[in-house]
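Next up, entry-v1.txt (compact mmCIF, C-alpha atoms):
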# COMPACT_ATOMS: atom_id res chain seq x y z
CA LYS A 968 41.58 -19.59 31.93
CA GLN A 969 41.99 -17.46 35.04
CA GLU A 970 42.63 -19.32 38.28
CA VAL A 971 42.45 -17.56 41.62
CA THR A 972 43.95 -19.05 44.76
CA GLN A 973 43.60 -17.88 48.33
CA ILE A 974 45.92 -18.85 51.13
CA PRO A 975 45.36 -19.76 53.88
CA ALA A 976 42.01 -21.52 53.57
CA ALA A 977 41.33 -20.84 57.24
CA LEU A 978 42.86 -18.60 59.85
CA SER A 979 42.27 -18.08 63.56
CA VAL A 980 43.76 -15.10 65.37
CA PRO A 981 43.24 -13.44 68.74
CA GLU A 982 41.48 -10.11 68.87
CA GLY A 983 43.72 -7.12 68.24
CA GLU A 984 46.14 -8.81 65.88
CA ASN A 985 46.98 -7.42 62.48
CA LEU A 986 46.63 -9.99 59.72
CA VAL A 987 47.18 -10.49 56.01
CA LEU A 988 45.11 -12.53 53.61
CA ASN A 989 46.66 -13.58 50.33
CA CYS A 990 45.22 -13.90 46.84
CA SER A 991 47.08 -15.00 43.73
CA PHE A 992 45.92 -15.21 40.13
CA THR A 993 47.39 -16.77 37.01
CA ASP A 994 46.38 -14.28 34.32
CA SER A 995 47.62 -10.73 34.92
CA ALA A 996 45.38 -9.28 32.20
CA ILE A 997 42.73 -8.10 34.64
CA TYR A 998 40.71 -4.91 34.80
CA ASN A 999 40.35 -4.89 38.55
CA LEU A 1000 40.41 -6.99 41.69
CA GLN A 1001 37.68 -6.96 44.28
CA TRP A 1002 37.66 -8.18 47.87
CA PHE A 1003 34.41 -9.40 49.39
CA ARG A 1004 33.25 -10.52 52.79
CA GLN A 1005 30.70 -13.31 53.22
CA ASP A 1006 29.03 -14.08 56.52
CA PRO A 1007 27.52 -17.56 57.02
CA GLY A 1008 24.27 -17.91 55.12
CA LYS A 1009 24.55 -14.42 53.73
CA GLY A 1010 25.42 -12.72 50.48
CA LEU A 1011 28.68 -11.08 49.49
CA THR A 1012 29.55 -7.62 50.73
CA SER A 1013 32.02 -5.67 48.64
CA LEU A 1014 34.93 -4.40 50.73
CA LEU A 1015 37.42 -2.89 48.31
CA LEU A 1016 37.85 -2.56 44.57
CA ILE A 1017 41.31 -1.98 43.12
CA GLN A 1018 41.55 -0.92 39.50
CA SER A 1019 44.31 -2.48 37.42
CA SER A 1020 46.17 0.84 37.33
CA GLN A 1021 46.15 1.19 41.10
CA ARG A 1022 48.46 -0.28 43.71
CA GLU A 1023 46.25 -0.16 46.76
CA GLN A 1024 42.98 0.90 48.28
CA THR A 1025 42.11 1.64 51.88
CA SER A 1026 38.87 1.63 53.80
CA GLY A 1027 39.00 2.06 57.55
CA ARG A 1028 41.01 -0.80 59.03
CA LEU A 1029 41.26 -2.53 55.67
CA ASN A 1030 44.01 -2.08 53.10
CA ALA A 1031 44.23 -4.01 49.88
CA SER A 1032 47.22 -4.04 47.58
CA LEU A 1033 47.61 -5.24 44.02
CA ASP A 1034 50.71 -6.36 42.14
CA LYS A 1035 49.50 -7.27 38.67
CA SER A 1036 52.88 -8.30 37.32
CA SER A 1037 53.33 -10.95 39.99
CA GLY A 1038 49.66 -11.91 40.07
CA ARG A 1039 49.15 -11.13 43.73
CA SER A 1040 46.89 -9.17 46.02
CA THR A 1041 46.81 -8.91 49.78
CA LEU A 1042 44.13 -7.78 52.19
CA TYR A 1043 45.51 -6.32 55.39
CA ILE A 1044 43.21 -6.08 58.40
CA ALA A 1045 44.46 -3.94 61.25
CA ALA A 1046 43.53 -4.46 64.88
CA SER A 1047 41.20 -7.39 64.17
CA GLN A 1048 37.87 -7.67 66.01
CA PRO A 1049 35.50 -10.60 66.59
CA GLY A 1050 33.09 -8.90 64.18
CA ASP A 1051 35.64 -9.39 61.43
CA SER A 1052 35.02 -13.14 61.57
CA ALA A 1053 33.75 -14.17 58.14
CA THR A 1054 34.92 -15.68 54.87
CA TYR A 1055 36.92 -13.30 52.70
CA LEU A 1056 36.86 -13.77 48.94
CA CYS A 1057 38.94 -12.13 46.28
CA ALA A 1058 37.83 -11.95 42.67
CA THR A 1059 39.55 -10.76 39.53
CA GLY A 1060 37.56 -8.69 37.07
CA GLY A 1061 38.03 -9.65 33.44
CA THR A 1062 36.30 -8.60 30.27
CA ALA A 1063 32.71 -7.50 30.58
CA SER A 1064 33.02 -7.21 34.34
CA LYS A 1065 33.06 -10.99 34.76
CA LEU A 1066 34.47 -11.98 38.11
CA THR A 1067 36.58 -15.07 38.78
CA PHE A 1068 36.52 -15.94 42.46
CA GLY A 1069 39.02 -17.56 44.75
CA THR A 1070 37.90 -20.24 47.19
CA GLY A 1071 38.10 -17.87 50.14
CA THR A 1072 39.81 -17.60 53.51
CA ARG A 1073 37.67 -18.36 56.54
CA LEU A 1074 38.72 -15.99 59.33
CA GLN A 1075 37.95 -16.49 63.00
CA VAL A 1076 38.88 -13.72 65.43
CA THR A 1077 38.76 -14.95 69.01
CA LEU A 1078 38.30 -13.00 72.21
CA ASP B 132 18.63 1.98 47.31
CA ALA B 133 17.69 -1.38 48.83
CA GLY B 134 20.45 -3.15 46.97
CA VAL B 135 20.07 -6.22 44.81
CA ILE B 136 16.92 -8.08 45.81
CA GLN B 137 16.50 -11.80 45.26
CA SER B 138 13.51 -14.02 45.87
CA PRO B 139 12.80 -16.43 47.28
CA ARG B 140 15.53 -16.62 49.95
CA HIS B 141 15.01 -20.36 50.32
CA GLU B 142 13.46 -22.88 47.99
CA VAL B 143 12.94 -26.58 48.56
CA THR B 144 11.56 -28.53 45.65
CA GLU B 145 11.25 -32.08 44.46
CA MET B 146 13.35 -33.46 41.66
CA GLY B 147 11.74 -32.87 38.30
CA GLN B 148 9.92 -29.72 39.30
CA GLU B 149 10.44 -26.33 37.69
CA VAL B 150 12.20 -23.70 39.78
CA THR B 151 12.25 -19.97 39.09
CA LEU B 152 14.60 -17.62 40.88
CA ARG B 153 14.07 -13.88 40.69
CA CYS B 154 16.32 -10.85 40.86
CA LYS B 155 15.83 -7.10 40.96
CA PRO B 156 19.11 -5.28 40.30
CA ILE B 157 20.09 -1.93 41.73
CA SER B 158 18.29 0.87 39.91
CA GLY B 159 20.49 2.38 37.22
CA HIS B 160 22.79 -0.62 36.92
CA ASN B 161 22.99 -2.00 33.41
CA SER B 162 24.93 -5.21 34.00
CA LEU B 163 23.45 -8.24 35.72
CA PHE B 164 25.10 -11.51 36.65
CA TRP B 165 23.89 -14.85 37.93
CA TYR B 166 26.38 -16.87 40.01
CA ARG B 167 26.13 -20.26 41.68
CA GLN B 168 27.96 -21.18 44.88
CA THR B 169 28.66 -24.74 46.01
CA MET B 170 31.08 -26.22 48.49
CA MET B 171 32.83 -28.18 45.79
CA ARG B 172 33.18 -25.53 43.09
CA GLY B 173 32.92 -22.22 44.93
CA LEU B 174 31.38 -19.29 43.07
CA GLU B 175 30.84 -19.72 39.36
CA LEU B 176 29.41 -17.30 36.83
CA LEU B 177 26.39 -18.73 35.03
CA ILE B 178 25.30 -15.89 32.76
CA TYR B 179 25.87 -12.19 32.24
CA PHE B 180 23.48 -9.57 30.81
CA ASN B 181 24.34 -6.09 29.64
CA ASN B 182 21.51 -3.67 28.86
CA ASN B 183 19.08 -6.60 29.20
CA VAL B 184 20.87 -8.62 26.51
CA PRO B 185 22.58 -11.92 27.35
CA ILE B 186 26.27 -11.43 26.57
CA ASP B 187 27.84 -14.61 27.87
CA ASP B 188 25.97 -17.75 28.91
CA SER B 189 28.93 -20.10 28.67
CA GLY B 190 28.65 -20.88 32.36
CA MET B 191 25.11 -22.21 32.14
CA PRO B 192 25.57 -25.89 32.98
CA GLU B 193 23.07 -27.37 30.57
CA ASP B 194 19.85 -26.82 28.67
CA ARG B 195 17.79 -27.29 31.80
CA PHE B 196 18.94 -23.82 32.83
CA SER B 197 17.60 -20.67 31.22
CA ALA B 198 17.72 -16.99 32.15
CA LYS B 199 15.80 -13.97 30.98
CA MET B 200 15.91 -10.26 31.54
CA PRO B 201 12.71 -8.77 30.12
CA ASN B 202 13.52 -5.29 31.42
CA ALA B 203 16.19 -3.36 33.29
CA SER B 204 14.67 -4.05 36.68
CA PHE B 205 13.98 -7.77 36.60
CA SER B 206 15.66 -11.05 35.76
CA THR B 207 14.79 -14.71 36.23
CA LEU B 208 16.81 -17.90 36.32
CA LYS B 209 14.79 -20.99 35.60
CA ILE B 210 15.69 -24.64 36.07
CA GLN B 211 13.44 -27.17 34.39
CA PRO B 212 13.49 -29.99 35.34
CA SER B 213 15.44 -29.59 38.56
CA GLU B 214 17.85 -32.25 39.83
CA PRO B 215 19.45 -32.82 43.26
CA ARG B 216 22.85 -31.72 41.90
CA ASP B 217 21.37 -28.27 41.25
CA SER B 218 21.22 -27.71 45.00
CA ALA B 219 23.33 -24.62 45.70
CA VAL B 220 23.10 -20.97 46.60
CA TYR B 221 22.32 -18.82 43.58
CA PHE B 222 23.44 -15.21 43.66
CA CYS B 223 22.45 -12.32 41.48
CA ALA B 224 24.77 -9.32 41.16
CA SER B 225 24.59 -6.02 39.34
CA SER B 226 26.99 -3.28 38.34
CA PHE B 227 27.07 -0.14 36.25
CA GLY B 228 29.08 -0.21 33.06
CA ARG B 229 30.95 -3.06 31.46
CA ARG B 230 34.42 -2.78 32.98
CA ASN B 231 36.26 -1.59 36.03
CA THR B 232 33.10 -1.34 38.05
CA GLU B 233 32.16 -2.65 41.43
CA ALA B 234 29.73 -5.56 41.58
CA PHE B 235 27.00 -5.66 44.23
CA PHE B 236 25.48 -8.96 45.26
CA GLY B 237 22.06 -9.96 46.52
CA GLN B 238 21.52 -12.15 49.56
CA GLY B 239 21.18 -15.25 47.44
CA THR B 240 18.59 -18.00 47.04
CA ARG B 241 19.39 -21.28 48.75
CA LEU B 242 17.97 -24.02 46.54
CA THR B 243 17.51 -27.56 47.78
CA VAL B 244 16.29 -30.18 45.35
CA VAL B 245 15.22 -33.44 47.04
Please re-express this file's structure in structure tokens.
Amino acid sequence: KQEVTQIPAALSVPEGENLVLNCSFTDSAIYNLQWFRQDPGKGLTSLLLIQSSQREQTSGRLNASLDKSSGRSTLYIAASQPGDSATYLCATGGTASKLTFGTGTRLQVTL
Amino acid sequence: DAGVIQSPRHEVTEMGQEVTLRCKPISGHNSLFWYRQTMMRGLELLIYFNNNVPIDDSGMPEDRFSAKMPNASFSTLKIQPSEPRDSAVYFCASSFGRRNTEAFFGQGTRLTVV
């Protein structure tokens, strides 16, 4: 059974800092890995999708990498802003597009 | 497209009552998922439909839960009878295809059973 772990559980950084969120998974037989953002009381917004054959994906200030063999993914956020404050979730995509979610990293970017 | 639409956004009901949650997936998507989010267990997949057919319902907690997808544009998740431990946020998500595709989530239904 796939287990997804995210470290740290919570993170507070000053505005402007670059930061890295970590995601690890136990079963490397995945089809893809997806990073989501969740604001309090809201749904999940898809940020980046990395296919199993890819190493990384970029969108604006966000860069996600995937190392299937070691069971790891990282989400890099450049020049963080207060608007980036949210919970970030990673999820591995298995058969039939089923997602297994990590417990998330709660990010606070302070002024 | 308006995205995945769920209703109601909030539901408060008394224990023992029937609850029906509704979902309209993104037009053209052929896979639909129901997830439940709690503080203790995070996000868990309840059931998955492909082309309106239930493919995997192994995550449905017990017989009190049932889900239907009568057509490509509508799905329901029903709890009967509801219990306080069912209180959670229920998310619906849709995607196109069966693998390697991006999932899009609705805003969720926050269910409180008192």
Interatomic distance (Å, one decimal) between atom CA of A:Phe1068 and atom CA of B:Met146: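 These two atoms are separated by 29.1 Å.
Closest approach to B:Ser189 among B:Ala203, B:Trp165, B:Lys155, B:Arg241: B:Trp165, based on all atoms listed in the file.
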At a cut-off of 8 Å, which residues of chain B touch chain A? Count only C-alpha atoms and give the answer as a PDB file with C-alpha atoms, in the coordinates of the input.
ATOM      1  CA  GLY B 173      32.920 -22.220  44.930  1.00  0.00           C
ATOM      2  CA  LEU B 174      31.380 -19.290  43.070  1.00  0.00           C
ATOM      3  CA  GLU B 175      30.840 -19.720  39.360  1.00  0.00           C
ATOM      4  CA  LEU B 176      29.410 -17.300  36.830  1.00  0.00           C
ATOM      5  CA  TYR B 179      25.870 -12.190  32.240  1.00  0.00           C
ATOM      6  CA  PHE B 222      23.440 -15.210  43.660  1.00  0.00           C
ATOM      7  CA  ARG B 229      30.950  -3.060  31.460  1.00  0.00           C
ATOM      8  CA  ARG B 230      34.420  -2.780  32.980  1.00  0.00           C
ATOM      9  CA  ASN B 231      36.260  -1.590  36.030  1.00  0.00           C
ATOM     10  CA  THR B 232      33.100  -1.340  38.050  1.00  0.00           C
ATOM     11  CA  GLU B 233      32.160  -2.650  41.430  1.00  0.00           C
ATOM     12  CA  ALA B 234      29.730  -5.560  41.580  1.00  0.00           C
ATOM     13  CA  PHE B 235      27.000  -5.660  44.230  1.00  0.00           C
ATOM     14  CA  PHE B 236      25.480  -8.960  45.260  1.00  0.00           C
ATOM     15  CA  GLY B 237      22.060  -9.960  46.520  1.00  0.00           C
ATOM     16  CA  GLN B 238      21.520 -12.150  49.560  1.00  0.00           C
ATOM     17  CA  GLY B 239      21.180 -15.250  47.440  1.00  0.00           C
TER      18      GLY B 239
END
Polymer residues at most 8 Å from stretch 1028-1037 of chain A, all atoms listed in the file, same-chain spacing of 3 or more positions, as a PyMOL selection string: chain A and resi 995-997+1000+1015+1017+1019+1021-1025+1040-1046
B:Leu163, B:Val143, B:Val135, B:Ala224 ranked by distance to B:Asp187, top pick (using all atoms listed in the file): B:Leu163
Point-to-point distance from atom CA of B:Ile157 to atom CA of B:Phe196, Å rounded to tenths: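 Pair atom CA of B:Ile157 / atom CA of B:Phe196 returns 23.7 Å.
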For A:Pro975: contacts at 12 Å, only C-alpha atoms, fewer than 3 positions along chain excluded, given as number ranges by chain: A: 972, 978-979, 986-991, 1041, 1054-1056, 1069-1074
Computed interatomic separation between atom CA of B:Tyr166 and atom CA of B:Gln148 (Å):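 Atom CA of B:Gln148 lies at a distance of 20.9 Å from atom CA of B:Tyr166.
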Env of stretch 211-218 of chain B: 7 Å cut, atoms = only C-alpha atoms, seq-sep filter 3 positions within chain, self excluded. Answer as a compact mmCIF listing (two decimals) with C-alpha atoms, keeping the file's coordinate frame.
# COMPACT_ATOMS: atom_id res chain seq x y z
CA MET B 146 13.35 -33.46 41.66
CA GLY B 147 11.74 -32.87 38.30
CA GLN B 148 9.92 -29.72 39.30
CA GLU B 149 10.44 -26.33 37.69
CA VAL B 150 12.20 -23.70 39.78
CA ARG B 195 17.79 -27.29 31.80
CA PHE B 196 18.94 -23.82 32.83
CA LEU B 242 17.97 -24.02 46.54
CA THR B 243 17.51 -27.56 47.78
CA VAL B 244 16.29 -30.18 45.35
CA VAL B 245 15.22 -33.44 47.04
